[in-house]
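What follows is the content of my_file39.cif (mmCIF, C-alpha atoms).
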```cif
data_entry
#
loop_
_atom_site.label_atom_id
_atom_site.label_comp_id
_atom_site.auth_asym_id
_atom_site.auth_seq_id
_atom_site.Cartn_x
_atom_site.Cartn_y
_atom_site.Cartn_z
CA MET D 138 54.92 26.03 -15.68
CA MET D 139 52.03 27.13 -13.49
CA ARG D 140 49.64 25.72 -16.03
CA ILE D 141 51.21 22.25 -15.72
CA PHE D 142 50.89 22.31 -11.94
CA SER D 143 47.30 23.51 -12.09
CA ASN D 144 46.33 20.72 -14.50
CA ARG D 145 48.05 18.10 -12.33
CA PHE D 146 46.35 19.39 -9.19
CA SER D 147 42.97 19.64 -10.88
CA ASN D 148 43.27 16.01 -12.03
CA LEU D 149 44.32 15.06 -8.51
CA GLY D 150 41.36 17.01 -7.13
CA ARG D 151 38.95 15.24 -9.49
CA ARG D 152 40.36 11.87 -8.51
CA PHE D 153 40.08 12.74 -4.85
CA LEU D 154 36.51 13.97 -5.22
CA GLY D 155 35.59 10.91 -7.30
CA GLY D 156 37.03 8.60 -4.65
CA LEU D 157 35.27 10.52 -1.91
CA LEU D 158 32.01 10.28 -3.83
CA ALA D 159 32.45 6.52 -4.32
CA ILE D 160 33.16 6.04 -0.62
CA SER D 161 30.13 8.10 0.41
CA VAL D 162 27.81 6.20 -1.96
CA ALA D 163 29.11 2.89 -0.61
CA TRP D 164 28.65 4.10 2.95
CA LEU D 165 25.11 5.32 2.31
CA SER D 166 24.20 2.07 0.56
CA TRP D 167 25.50 0.05 3.48
CA GLY D 168 23.67 2.29 5.96
CA ASN D 169 20.35 1.89 4.16
CA ALA D 170 20.75 -1.88 3.98
CA ALA D 171 21.51 -1.99 7.70
CA MET D 172 18.43 0.08 8.47
CA ALA D 173 16.23 -2.16 6.35
CA ALA D 174 17.61 -5.35 7.90
CA PRO D 175 14.95 -5.78 10.65
CA ALA D 176 12.13 -5.92 8.11
CA SER D 177 14.02 -8.51 6.08
CA ASN D 178 14.02 -10.81 9.11
CA PHE D 179 10.30 -11.34 8.56
CA SER D 180 8.57 -13.14 5.72
CA ASP D 181 5.68 -11.43 3.96
CA SER D 182 3.26 -13.74 5.75
CA GLN D 183 4.74 -12.88 9.15
CA ILE D 184 4.59 -9.17 8.39
CA ALA D 185 0.95 -9.51 7.42
CA GLN D 186 0.04 -11.52 10.52
CA ILE D 187 1.92 -9.21 12.89
CA SER D 188 0.41 -6.12 11.26
CA LYS D 189 -3.13 -7.46 11.46
CA ALA D 190 -2.76 -8.52 15.10
CA ARG D 191 -1.08 -5.21 15.99
CA ASN D 192 -4.01 -3.33 14.42
CA GLN D 193 -6.48 -5.37 16.48
CA ILE D 194 -4.59 -4.70 19.71
CA THR D 195 -4.23 -1.01 18.87
CA SER D 196 -7.99 -0.81 18.22
CA ALA D 197 -8.66 -2.37 21.62
CA GLN D 198 -6.20 0.06 23.20
CA ASP D 199 -7.99 2.99 21.56
CA ARG D 200 -11.23 1.87 23.20
CA LEU D 201 -9.82 1.48 26.72
CA GLY D 202 -11.42 4.81 27.65
CA GLU D 203 -14.82 3.13 27.40
CA LEU D 204 -13.73 0.47 29.88
CA GLY D 205 -12.50 3.19 32.23
CA ASP D 206 -15.86 4.93 31.99
CA TYR D 207 -17.70 1.70 32.86
CA ILE D 208 -15.42 1.10 35.84
CA ASN D 209 -15.84 4.69 37.08
CA ALA D 210 -19.61 4.41 36.73
CA GLN D 211 -19.44 1.03 38.49
CA ASP D 212 -21.42 -0.46 35.63
CA TRP D 213 -20.27 -4.02 36.16
CA THR D 214 -22.44 -5.54 33.45
CA TYR D 215 -20.92 -3.37 30.74
CA THR D 216 -17.45 -3.79 32.25
CA GLY D 217 -17.73 -7.55 31.91
CA ASN D 218 -19.28 -7.26 28.46
CA PHE D 219 -16.42 -5.03 27.33
CA ILE D 220 -13.79 -7.41 28.67
CA HIS D 221 -15.36 -10.37 26.89
CA GLY D 222 -16.26 -8.36 23.78
CA PRO D 223 -13.64 -5.93 22.43
CA LEU D 224 -10.89 -7.38 24.66
CA GLY D 225 -11.99 -10.97 24.08
CA ASP D 226 -9.50 -11.69 21.29
CA LEU D 227 -6.60 -9.93 22.98
CA ARG D 228 -4.90 -13.15 24.09
CA ARG D 229 -5.14 -14.69 20.62
CA GLU D 230 -3.80 -11.57 18.90
CA ALA D 231 -0.88 -11.30 21.33
CA ALA D 232 -0.09 -14.99 20.78
CA THR D 233 -0.12 -14.44 17.01
CA ILE D 234 2.40 -11.65 17.39
CA ASN D 235 4.58 -13.63 19.78
CA ARG D 236 4.67 -16.63 17.44
CA ASN D 237 5.97 -14.49 14.61
CA LEU D 238 8.64 -12.55 16.48
CA PRO D 239 12.28 -13.66 16.40
CA ALA D 240 13.14 -16.10 19.20
CA LYS D 241 15.24 -13.62 21.16
CA GLU D 242 12.37 -11.11 21.29
CA GLN D 243 9.64 -13.63 22.13
CA LYS D 244 10.56 -13.98 25.79
CA GLU D 245 10.01 -10.31 26.67
CA ALA D 246 6.91 -10.08 24.46
CA ARG D 247 5.39 -13.13 26.16
CA LYS D 248 6.13 -11.62 29.55
CA GLN D 249 4.42 -8.36 28.58
CA ALA D 250 1.44 -10.18 27.04
CA LYS D 251 1.05 -12.33 30.15
CA GLN D 252 1.08 -9.23 32.35
CA MET D 253 -1.49 -7.52 30.11
CA MET D 254 -3.83 -10.52 30.21
CA SER D 255 -3.38 -10.90 33.96
CA LEU D 256 -4.57 -7.32 34.42
CA VAL D 257 -7.60 -7.94 32.19
CA GLU D 258 -8.43 -11.02 34.26
CA ARG D 259 -8.07 -9.05 37.51
CA ILE D 260 -10.39 -6.34 36.22
CA ASP D 261 -12.89 -9.03 35.24
CA ALA D 262 -12.68 -10.60 38.71
CA ALA D 263 -13.06 -7.17 40.34
CA SER D 264 -16.13 -6.45 38.23
CA LYS D 265 -17.69 -9.74 39.30
CA ASP D 266 -16.94 -8.84 42.92
CA LYS D 267 -18.12 -5.25 42.30
CA ASN D 268 -14.82 -3.98 43.70
CA ALA D 269 -14.35 -0.51 42.17
CA SER D 270 -11.01 0.28 43.82
CA GLN D 271 -9.38 -2.94 42.66
CA ALA D 272 -10.78 -2.53 39.16
CA SER D 273 -9.53 1.08 38.98
CA ARG D 274 -6.02 0.17 40.17
CA ASN D 275 -5.71 -2.62 37.64
CA PHE D 276 -7.16 -0.47 34.87
CA ALA D 277 -4.47 2.18 35.44
CA LYS D 278 -1.81 -0.52 35.09
CA LEU D 279 -3.54 -1.98 32.01
CA GLU D 280 -3.07 1.19 29.98
CA ASP D 281 0.69 1.08 30.65
CA SER D 282 0.78 -2.63 29.91
CA PHE D 283 -0.68 -2.07 26.44
CA GLU D 284 2.04 0.49 25.75
CA GLY D 285 4.74 -1.87 27.01
CA PHE D 286 3.59 -4.72 24.81
CA LEU D 287 3.08 -2.63 21.69
CA SER D 288 6.53 -1.09 22.09
CA LEU D 289 7.99 -4.56 21.47
CA VAL D 290 5.96 -5.15 18.31
CA PRO D 291 7.42 -3.90 15.04
CA ALA D 292 5.24 -1.55 13.02
CA PHE D 293 5.59 -2.11 9.30
CA GLU D 294 5.07 0.62 6.69
CA SER D 295 2.58 -1.10 4.42
CA VAL D 296 0.24 -2.32 7.14
CA ALA D 297 -2.89 -1.99 5.03
CA ASP D 298 -1.38 -4.01 2.18
CA ALA D 299 -0.17 -6.68 4.62
CA VAL D 300 -3.58 -6.97 6.28
CA ASP D 301 -5.31 -7.17 2.90
CA GLU D 302 -2.93 -9.97 1.92
CA VAL D 303 -3.74 -12.02 5.04
CA GLU D 304 -7.47 -11.51 4.57
CA ALA D 305 -7.21 -12.55 0.92
CA ASP D 306 -5.21 -15.65 1.88
CA SER D 307 -7.74 -16.63 4.53
CA PHE D 308 -10.62 -16.02 2.12
CA GLU D 309 -8.98 -18.25 -0.53
CA ALA D 310 -8.44 -20.99 2.06
CA GLU D 311 -12.17 -21.13 2.81
#
```

Re-express the file's structure as structure tokens.
Amino acid sequence: MMRIFSNRFSNLGRRFLGGLLAISVAWLSWGNAAMAAPASNFSDSQIAQISKARNQITSAQDRLGELGDYINAQDWTYTGNFIHGPLGDLRREAATINRNLPAKEQKEARKQAKQMMSLVERIDAASKDKNASQASRNFAKLEDSFEGFLSLVPAFESVADAVDEVEADSFEAE
């Protein structure tokens, strides 16, 4: 008699564990799809363009220390050269990103990009006026502005592949 009960309960246990396993697999599959959803909102071309522009802005951000050094040394020639050189394409790169973001995210990204460019313009004006205090104040805000803008830009995993794809497409177009 005990053997009959143990077989029935073991079959019930297997069924329960099988059902639990099926539910957990379904839940994990749904969770992974939900996590991957933001990337699926972008086409391959958009991912490539955003990644390339993000890399350009990140490279400019990495070099901001040089601009700070020029401002601290009150080297206004190099300050202006830096603004029009490494930071010269900043507006275009930010616009590329903004164009490719979903509509609901564009408003905040445009606001952040406008603030970032306004600070660059103020530093440029201060360098022309040789106003070190104004240039230093705006430079301190510029570093935070870069962070604020880049926090709104998605970072994709295969950035190098995406950038290579855009460069190949632009090369074929020429």

**Asked** Which residues match the PyMOL selection byres ((chain D and resi 242-248) around 10) in the file above, as a ChimeraX atom specification?
**Response** /D:231-232,234-241,249-253,285-290

Inset, instruction - Within 9 Å of D:Ala272, counting all atoms listed in the file, which residues show up once you throw out same-chain ones fewer than 2 positions away? Write them as a PyMOL selection string, please. - result: chain D and resi 208+259-264+267-270+274-277

So, counting only C-alpha atoms, which residue among D:Asp281, D:Asp226, D:Asp266, D:Glu258 is closest to D:Ala197?
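That would be D:Asp226, the residue with the smallest distance to D:Ala197.
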
Next item on the list: Could you tell me how far atom CA of D:Gly202 lies from atom CA of D:Leu227, in Å and to one decimal?
Entry: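 According to the coordinates, atom CA of D:Gly202 and atom CA of D:Leu227 are separated by 16.2 Å.
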
*asked:* Please compute the atom CA of D:Phe283-atom CA of D:Asn209 distance, one decimal, in Å.
replied: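 So the answer is 19.7 Å.
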
Provide an axis-aligned box for all listed atoms of stretch 266-285 of chain D, padding each side by 3 Å; report its centre and its edge lengths in Å to one decimal, as JSON.
```
{"center_x": -6.7, "center_y": -3.3, "center_z": 34.8, "size_x": 28.9, "size_y": 17.0, "size_z": 24.1}
```
